[in-house]
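Undergrad: Next comes final_18.cif, mmCIF, C-alpha atoms and all ligand atoms:
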data_entry
#
loop_
_atom_site.label_atom_id
_atom_site.label_comp_id
_atom_site.auth_asym_id
_atom_site.auth_seq_id
_atom_site.Cartn_x
_atom_site.Cartn_y
_atom_site.Cartn_z
CA MET A 1 99.21 235.22 -126.35
CA ASN A 2 98.35 236.86 -129.69
CA MET A 3 97.96 234.81 -132.86
CA PHE A 4 97.75 235.72 -136.51
CA TRP A 5 95.18 234.25 -138.88
CA GLU A 6 94.61 235.36 -142.47
CA GLY A 7 96.38 238.64 -141.75
CA LYS A 8 94.32 239.32 -138.61
CA ASP A 9 95.73 239.74 -135.13
CA ILE A 10 93.73 237.39 -132.91
CA LYS A 11 93.59 237.48 -129.12
CA ASN A 12 92.81 233.83 -128.41
CA GLU A 13 91.21 230.61 -129.68
CA VAL A 14 87.68 231.79 -128.90
CA GLU A 15 88.14 234.78 -131.16
CA MET A 16 89.48 232.44 -133.82
CA LEU A 17 86.29 230.36 -133.53
CA ALA A 18 84.16 233.51 -133.82
CA LEU A 19 85.97 234.33 -137.09
CA LEU A 20 85.50 230.79 -138.39
CA MET A 21 81.79 231.11 -137.63
CA LYS A 22 81.59 234.42 -139.49
CA ASP A 23 83.25 232.77 -142.49
CA SER A 24 81.05 229.67 -142.42
CA ARG A 25 77.78 229.49 -144.35
CA ASN A 26 76.84 226.28 -142.64
CA THR A 27 77.77 225.52 -139.03
CA VAL A 28 76.69 222.42 -137.10
CA VAL A 29 77.17 221.61 -133.40
CA LEU A 30 77.71 218.17 -131.83
CA THR A 31 77.28 217.97 -128.05
CA GLY A 32 77.92 215.44 -125.30
CA ALA A 33 77.40 215.19 -121.55
CA GLY A 34 79.96 217.94 -120.83
CA MET A 35 77.44 220.40 -122.30
CA ASP A 36 75.05 219.59 -119.44
CA THR A 37 77.32 219.37 -116.38
CA GLU A 38 76.99 223.09 -115.68
CA SER A 39 73.24 222.42 -115.34
CA ASN A 40 74.17 219.93 -112.59
CA ILE A 41 73.75 216.77 -114.63
CA PRO A 42 76.70 214.44 -114.10
CA ASP A 43 78.57 213.31 -117.20
CA PHE A 44 79.70 209.70 -117.73
CA ARG A 45 83.48 209.66 -117.87
CA GLY A 46 84.43 212.99 -116.30
CA LYS A 47 85.86 213.28 -112.76
CA SER A 48 82.53 212.49 -111.06
CA GLY A 49 80.81 210.83 -114.02
CA TRP A 50 78.31 207.96 -113.75
CA TRP A 51 80.62 205.35 -115.23
CA ARG A 52 83.35 206.01 -112.62
CA ASN A 53 81.34 203.94 -110.12
CA ILE A 54 78.86 201.97 -112.20
CA ASP A 55 79.54 199.56 -115.01
CA PRO A 56 77.30 200.82 -117.85
CA SER A 57 76.66 197.33 -119.21
CA ARG A 58 75.23 196.40 -115.77
CA VAL A 59 72.51 199.07 -115.77
CA ALA A 60 72.11 200.65 -119.20
CA SER A 61 71.93 197.60 -121.43
CA VAL A 62 69.29 195.54 -123.19
CA GLN A 63 70.39 192.59 -121.09
CA THR A 64 69.62 194.42 -117.83
CA LEU A 65 66.27 195.59 -119.15
CA GLN A 66 65.32 192.02 -120.01
CA GLN A 67 66.92 190.14 -117.12
CA ASN A 68 66.96 192.56 -114.19
CA TYR A 69 64.10 195.01 -114.65
CA THR A 70 64.27 196.10 -110.99
CA LEU A 71 67.85 197.36 -111.34
CA PHE A 72 67.13 198.90 -114.75
CA HIS A 73 64.07 200.70 -113.36
CA GLU A 74 65.94 201.91 -110.28
CA PHE A 75 68.77 203.43 -112.35
CA TYR A 76 66.56 205.21 -114.89
CA SER A 77 64.02 206.42 -112.28
CA MET A 78 66.92 207.97 -110.36
CA ARG A 79 68.21 209.69 -113.51
CA ILE A 80 64.73 210.96 -114.46
CA GLU A 81 64.16 212.28 -110.93
CA LEU A 82 67.54 214.04 -111.01
CA LEU A 83 66.37 215.89 -114.11
CA GLN A 84 63.13 217.18 -112.59
CA ASP A 85 64.58 220.49 -111.33
CA VAL A 86 67.32 220.86 -113.90
CA ARG A 87 67.26 223.86 -116.24
CA PRO A 88 69.30 224.77 -119.33
CA HIS A 89 72.26 227.06 -118.62
CA LYS A 90 73.36 230.15 -120.50
CA GLY A 91 75.36 228.05 -123.00
CA HIS A 92 72.22 226.16 -124.12
CA TYR A 93 70.42 229.48 -124.64
CA ILE A 94 73.35 230.88 -126.61
CA LEU A 95 73.21 227.91 -129.01
CA ALA A 96 69.43 228.37 -129.39
CA ASP A 97 69.98 232.06 -130.11
CA PHE A 98 72.68 231.23 -132.70
CA GLU A 99 70.21 228.94 -134.45
CA GLN A 100 67.44 231.53 -134.37
CA LYS A 101 69.80 234.06 -135.96
CA GLY A 102 70.83 231.57 -138.67
CA VAL A 103 74.40 231.27 -137.33
CA ILE A 104 74.11 227.53 -136.71
CA LYS A 105 72.02 225.05 -138.65
CA SER A 106 71.46 222.17 -136.26
CA ILE A 107 72.61 220.42 -133.10
CA ALA A 108 73.36 216.70 -133.00
CA THR A 109 73.48 215.59 -129.39
CA GLN A 110 74.32 212.49 -127.41
CA ASN A 111 72.44 213.95 -124.45
CA VAL A 112 69.08 212.53 -123.43
CA SER A 113 68.20 215.47 -121.15
CA CYS A 114 66.18 217.54 -123.69
CA LEU A 115 67.95 220.70 -122.44
CA HIS A 116 68.71 221.97 -125.97
CA ARG A 117 65.01 221.86 -126.85
CA GLN A 118 64.08 223.32 -123.48
CA ALA A 119 66.38 226.26 -124.24
CA GLY A 120 64.59 226.82 -127.56
CA SER A 121 66.78 224.99 -130.09
CA LYS A 122 64.53 223.66 -132.86
CA THR A 123 66.67 221.42 -135.07
CA VAL A 124 68.05 218.92 -132.58
CA TYR A 125 69.03 215.36 -133.53
CA GLU A 126 68.87 213.21 -130.38
CA LEU A 127 71.34 210.50 -131.32
CA HIS A 128 70.93 208.60 -128.03
CA GLY A 129 67.19 209.26 -127.72
CA ASN A 130 65.64 211.12 -124.81
CA ILE A 131 64.86 210.12 -121.27
CA LYS A 132 61.61 212.01 -120.90
CA THR A 133 59.48 209.93 -123.22
CA ILE A 134 58.52 206.35 -122.45
CA ARG A 135 57.51 203.34 -124.49
CA CYS A 136 56.84 199.67 -123.88
CA ASN A 137 59.82 197.53 -124.78
CA SER A 138 57.49 194.72 -125.69
CA CYS A 139 54.75 196.30 -127.86
CA ASN A 140 56.39 199.74 -128.49
CA HIS A 141 53.30 201.63 -127.37
CA GLU A 142 53.92 205.08 -125.84
CA ALA A 143 53.30 205.50 -122.11
CA ALA A 144 53.30 208.33 -119.57
CA LEU A 145 56.48 209.20 -117.69
CA GLN A 146 54.63 208.82 -114.39
CA ASP A 147 53.56 205.27 -115.32
CA PHE A 148 57.23 204.36 -115.73
CA LEU A 149 58.16 206.00 -112.41
CA ASP A 150 55.26 204.13 -110.73
CA LYS A 151 56.57 200.90 -112.28
CA LYS A 152 53.21 200.22 -113.93
CA ASN A 153 52.64 197.56 -116.55
CA CYS A 154 52.03 198.61 -120.13
CA SER A 155 48.33 199.54 -120.48
CA ILE A 156 48.19 197.90 -123.94
CA CYS A 157 50.04 194.58 -123.66
CA GLY A 158 50.16 194.28 -119.87
CA ARG A 159 53.90 193.52 -119.76
CA ASN A 160 56.16 194.99 -117.08
CA ALA A 161 58.45 196.48 -119.71
CA LEU A 162 58.10 200.27 -119.77
CA ARG A 163 61.34 202.05 -120.57
CA PRO A 164 62.64 205.49 -121.51
CA ASN A 165 63.34 206.16 -125.20
CA VAL A 166 67.09 206.13 -124.67
CA VAL A 167 69.58 204.06 -126.63
CA LEU A 168 70.86 201.22 -124.46
CA PHE A 169 74.17 199.45 -124.93
CA GLY A 170 73.41 196.76 -127.50
CA GLU A 171 70.86 198.85 -129.42
CA TYR A 172 71.00 200.78 -132.69
CA LEU A 173 70.80 204.56 -132.81
CA PRO A 174 67.53 206.09 -134.05
CA ARG A 175 67.86 205.92 -137.83
CA ASP A 176 66.35 209.32 -138.70
CA ALA A 177 68.39 211.26 -136.13
CA TRP A 178 71.57 209.54 -137.30
CA SER A 179 71.04 210.13 -141.01
CA LEU A 180 70.10 213.79 -140.56
CA ALA A 181 73.12 214.39 -138.31
CA GLU A 182 75.39 212.60 -140.76
CA ARG A 183 73.99 214.60 -143.69
CA ASP A 184 74.44 217.94 -141.88
CA ILE A 185 77.94 217.11 -140.68
CA ARG A 186 79.13 215.88 -144.07
CA GLY A 187 77.81 219.07 -145.65
CA CYS A 188 78.88 221.68 -143.12
CA ASP A 189 81.70 224.23 -143.39
CA LEU A 190 82.26 224.17 -139.63
CA LEU A 191 81.55 221.56 -136.98
CA ILE A 192 81.77 222.61 -133.32
CA VAL A 193 82.11 219.62 -130.97
CA ILE A 194 81.27 220.43 -127.34
CA GLY A 195 81.70 218.41 -124.12
CA THR A 196 82.30 214.86 -125.23
CA SER A 197 84.97 212.26 -124.51
CA LEU A 198 84.49 210.90 -128.05
CA LYS A 199 84.73 207.42 -126.56
CA VAL A 200 81.39 206.09 -127.76
CA HIS A 201 80.84 204.56 -131.17
CA PRO A 202 79.36 205.47 -133.63
CA VAL A 203 78.98 209.13 -132.61
CA ASN A 204 82.74 209.46 -132.19
CA GLN A 205 83.05 208.84 -135.93
CA LEU A 206 80.97 211.89 -136.84
CA PRO A 207 83.76 214.52 -136.53
CA MET A 208 85.81 212.46 -138.98
CA LEU A 209 83.04 212.70 -141.60
CA ALA A 210 83.19 216.49 -141.62
CA THR A 211 84.81 217.94 -144.71
CA GLY A 212 84.91 221.49 -143.30
CA LYS A 213 86.75 222.82 -140.26
CA VAL A 214 86.32 220.96 -136.96
CA VAL A 215 86.64 222.66 -133.57
CA LEU A 216 86.63 221.07 -130.10
CA ILE A 217 85.41 222.80 -126.94
CA ASN A 218 86.05 220.56 -123.92
CA ASP A 219 87.55 220.89 -120.46
CA GLU A 220 90.17 218.27 -121.38
CA ASP A 221 91.75 217.30 -124.67
CA THR A 222 89.66 214.43 -126.04
CA SER A 223 90.81 214.80 -129.60
CA SER A 224 92.97 211.69 -129.94
CA GLY A 225 92.07 209.79 -133.07
CA CYS A 226 90.41 212.80 -134.64
CA LYS A 227 92.05 215.77 -136.29
CA PHE A 228 90.71 219.08 -134.98
CA ASP A 229 91.57 222.39 -136.64
CA LEU A 230 91.19 224.20 -133.33
CA LYS A 231 90.92 223.08 -129.70
CA ILE A 232 89.50 225.26 -126.94
CA ILE A 233 90.15 223.75 -123.53
CA GLY A 234 87.58 225.23 -121.19
CA LYS A 235 84.09 224.95 -119.73
CA ALA A 236 81.30 224.86 -122.30
CA ARG A 237 79.22 227.57 -120.68
CA GLU A 238 82.13 229.97 -120.13
CA VAL A 239 83.48 229.48 -123.65
CA LEU A 240 80.05 230.01 -125.22
CA GLU A 241 79.49 233.15 -123.16
CA GLU A 242 82.81 234.56 -124.33
CA LEU A 243 82.12 233.39 -127.89
CA THR A 244 78.76 235.13 -128.19
CA GLU A 245 80.26 238.43 -126.99
CA ILE A 246 83.21 238.21 -129.38
CA TYR A 247 80.93 237.10 -132.25
CA LYS A 248 78.78 240.21 -131.85
CA SER A 249 81.76 242.52 -132.24
CA ALA A 250 83.81 240.43 -134.72
P1 LIG B 1 81.49 211.63 -121.37
O1 LIG B 1 81.16 211.69 -119.92
O2 LIG B 1 82.10 210.40 -121.88
O3 LIG B 1 82.45 212.86 -121.74
C1 LIG B 1 82.16 214.16 -121.31
C2 LIG B 1 83.36 215.05 -121.58
O4 LIG B 1 83.00 216.37 -121.27
C3 LIG B 1 84.57 214.70 -120.69
O5 LIG B 1 85.76 214.80 -121.47
C4 LIG B 1 84.53 215.78 -119.61
O6 LIG B 1 85.82 216.07 -119.09
C5 LIG B 1 83.98 216.95 -120.41
N1 LIG B 1 83.28 217.97 -119.61
C6 LIG B 1 82.62 217.83 -118.45
N2 LIG B 1 82.07 218.98 -118.06
C7 LIG B 1 82.42 219.91 -118.99
C8 LIG B 1 82.16 221.30 -119.16
N3 LIG B 1 81.43 221.98 -118.30
N4 LIG B 1 82.66 221.92 -120.25
C9 LIG B 1 83.43 221.24 -121.16
N5 LIG B 1 83.71 219.93 -121.05
C10 LIG B 1 83.19 219.26 -119.99
O7 LIG B 1 80.14 211.99 -122.15
P2 LIG B 1 79.78 211.68 -123.68
O8 LIG B 1 80.98 211.79 -124.54
O9 LIG B 1 78.60 212.51 -124.00
O10 LIG B 1 75.53 206.96 -123.90
O11 LIG B 1 79.34 210.18 -123.56
C11 LIG B 1 78.82 209.53 -124.66
C12 LIG B 1 77.83 208.49 -124.25
O12 LIG B 1 78.40 207.63 -123.25
C13 LIG B 1 76.60 209.04 -123.56
O13 LIG B 1 75.65 209.59 -124.45
C14 LIG B 1 76.07 207.82 -122.87
C15 LIG B 1 77.35 207.26 -122.31
O14 LIG B 1 77.37 205.91 -122.12
C16 LIG B 1 74.49 206.17 -123.63
O15 LIG B 1 73.96 206.12 -122.53
C17 LIG B 1 74.04 205.39 -124.81
#
For this file, produce the structure as structure tokens.
Ligand code: OAD
TA:
Amino acid sequence: MNMFWEGKDIKNEVEMLALLMKDSRNTVVLTGAGMDTESNIPDFRGKSGWWRNIDPSRVASVQTLQQNYTLFHEFYSMRIELLQDVRPHKGHYILADFEQKGVIKSIATQNVSCLHRQAGSKTVYELHGNIKTIRCNSCNHEAALQDFLDKKNCSICGRNALRPNVVLFGEYLPRDAWSLAERDIRGCDLLIVIGTSLKVHPVNQLPMLATGKVVLINDEDTSSGCKFDLKIIGKAREVLEELTEIYKSA
């Protein structure tokens, strides 16, 4: 199906996005778990997502950390171990390349996997923290990942309270990451939202703060409650692969 935009004959939505990117002086990306599923990391609310079988408040909350450390430790050790052999996919590298070429300014992500950084992206705001660094929940001192996996006590305060630096239900988002993401999104000409259900507050408010164009790339339509200028229903990796090719020749 051909479309027309500003006098141009456009093949599809991906080409439209490529043109929006060419026009934009300031593009920001917001990602969620759907960005990582093609690297074999399950999402949360997709067809085989974590929260289909597990109640998040039972494992990923401050209450569980404080009252059932064994369950908390079991869940996060399993997730850390799942990430050991995981690598970024082509889509992560494409975003890193866009940043290196000055096409995008920054990535705000809900993902704790560190795959954007692993792919070479430099300006990444980790809104829900990251799972690969550890601290003591009691004295805040940093600890080694292996100490957490070995269920060791904190070497400073001696408490059995090591935890990954992820945001748990009941906790605030990291202030710096949030304010930088908010600043970039408020000031951008184009926000590209990739792979998120937009179910989780406050990140699901970010697209509404954008004053420029807002585009969704997701394998289902998760736009309810938020006005998108363009929706591309498809897999993140495939869409980004097509996008980078079209962008080069646009
Ligand atoms: P969700 O699992 O809620 O949403 C992921 C979305 O991506 C779903 O709409 C999927 O259908 C879609 N999706 C899956 N694979 C895709 C692919 N290859 N290409 C395109 N779309 C795909 O994940 P988030 O919105 O990121 O928070 O979840 C937000 C937060 O909820 C997470 O950061 C986590 C969770 O509880 C905390 O742990 C604090």
Undergrad: Give as a list in words every residue, naming chains and numbers as the document does, that has an atom within 7 Å of (80.0, 223.0, -129.9), counting all atoms listed in the file.
TA: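 Collected hits near the coordinates: Val29, Leu30, Thr31, Ile192, Val193, Ile194, Leu216 and Ile217 of chain A.
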Undergrad: Could you give me, as a PyMOL selection string, every polymer residue with an atom at most 8 Å away from an atom of ligand LIG 1 (chain B), counting all atoms listed in the file?
TA: chain A and resi 31-38+42-47+49-51+56+60+110-112+128+166-169+194-200+203+217-222+233-237
Undergrad: Just the number, please: distance in Å from atom CA of A:Arg159 to atom CA of A:Tyr172, one decimal.
TA: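 Going from atom CA of A:Arg159 over to atom CA of A:Tyr172, I get 22.6 Å.
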Undergrad: Would you mind reading off the distance between atom CA of A:Lys152 and atom CA of A:Arg58, one decimal, in Å?
TA: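 Atom-to-atom, atom CA of A:Lys152 and atom CA of A:Arg58 are spaced 22.4 Å apart.
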Undergrad: If I take atom CA of A:Ser224 and atom CA of A:Leu206, how far is one from the other in Å, to one decimal?
TA: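 Atom-to-atom, atom CA of A:Ser224 to atom CA of A:Leu206, that is 13.8 Å.
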Undergrad: Pick out the closest residue to A:Lys213 from this set: A:Leu20, A:Ile10, A:Ala108, A:Met78. Count all atoms listed in the file.
TA: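 Counting all atoms listed in the file, the residue closest to A:Lys213 is A:Leu20.
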Undergrad: So which one's closest to A:Arg87, A:Thr70, A:Thr133, A:Ser57, A:Asn40? Using only C-alpha atoms, please.
TA: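 Closest to A:Arg87 of all the choices is A:Asn40.
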Undergrad: So that I can check the surroundings of A:Glu15, please list as a ChimeraX atom specification every protein, DNA and RNA residue that reaches within 10 Å of it, counting all atoms listed in the file and ignoring chain neighbours fewer than 4 positions away.
TA: /A:3,9-11,19-21,242-247,250
Undergrad: For a cut-off of 9 Å around (59.2, 204.7, -117.6), file coordinates, pick out all residues using only C-alpha atoms and list them as a list in words.
TA: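 Those within range, by chain then number, are His73, Tyr76, Ser77, Ile80, Ile131, Lys132, Thr133, Ile134, Arg135, Cys136, Ala143, Ala144, Leu145, Gln146, Asp147, Phe148, Leu149, Asp150, Lys151, Lys152, Ala161, Leu162, Arg163, Pro164 and Asn165 of chain A.
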Undergrad: Have a look at A:Ser121, A:Asp176, A:Phe75, A:Leu115 and name the one nearest to A:Asp55; count all atoms listed in the file.
TA: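 Closest residue, counting all atoms listed in the file: A:Phe75.
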Undergrad: Taking into account all atoms listed in the file, which residue in the set A:Ser179, A:Asn137, A:Ser155, A:Ser223 is nearest to A:Val62?
TA: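 Among A:Ser179, A:Asn137, A:Ser155, A:Ser223, it is A:Asn137 that comes nearest to A:Val62.
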Undergrad: Once you add 5 Å to each side, what are the centre and edge lengths of the axis-aligned box holding all listed atoms of stretch 134-150 of chain A? One decimal in Å, as lines of an AutoDock Vina configuration file, if you can.
TA:
center_x = 56.6
center_y = 202.0
center_z = -119.6
size_x = 16.5
size_y = 24.5
size_z = 27.8
Undergrad: With distances taken over all atoms listed in the file, which of A:Gly120, A:Gly158, A:Gly129, A:Gly212 is nearest to A:Pro174?
TA: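 With all atoms listed in the file as the atom set, the closest residue is A:Gly129.
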Undergrad: Using only C-alpha atoms for the distances, tell me which of A:Gly170, A:Gly102, A:Pro88, A:Gly225 is nearest to A:Gln205.
TA: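 Using only C-alpha atoms, the shortest distance to A:Gln205 belongs to A:Gly225.
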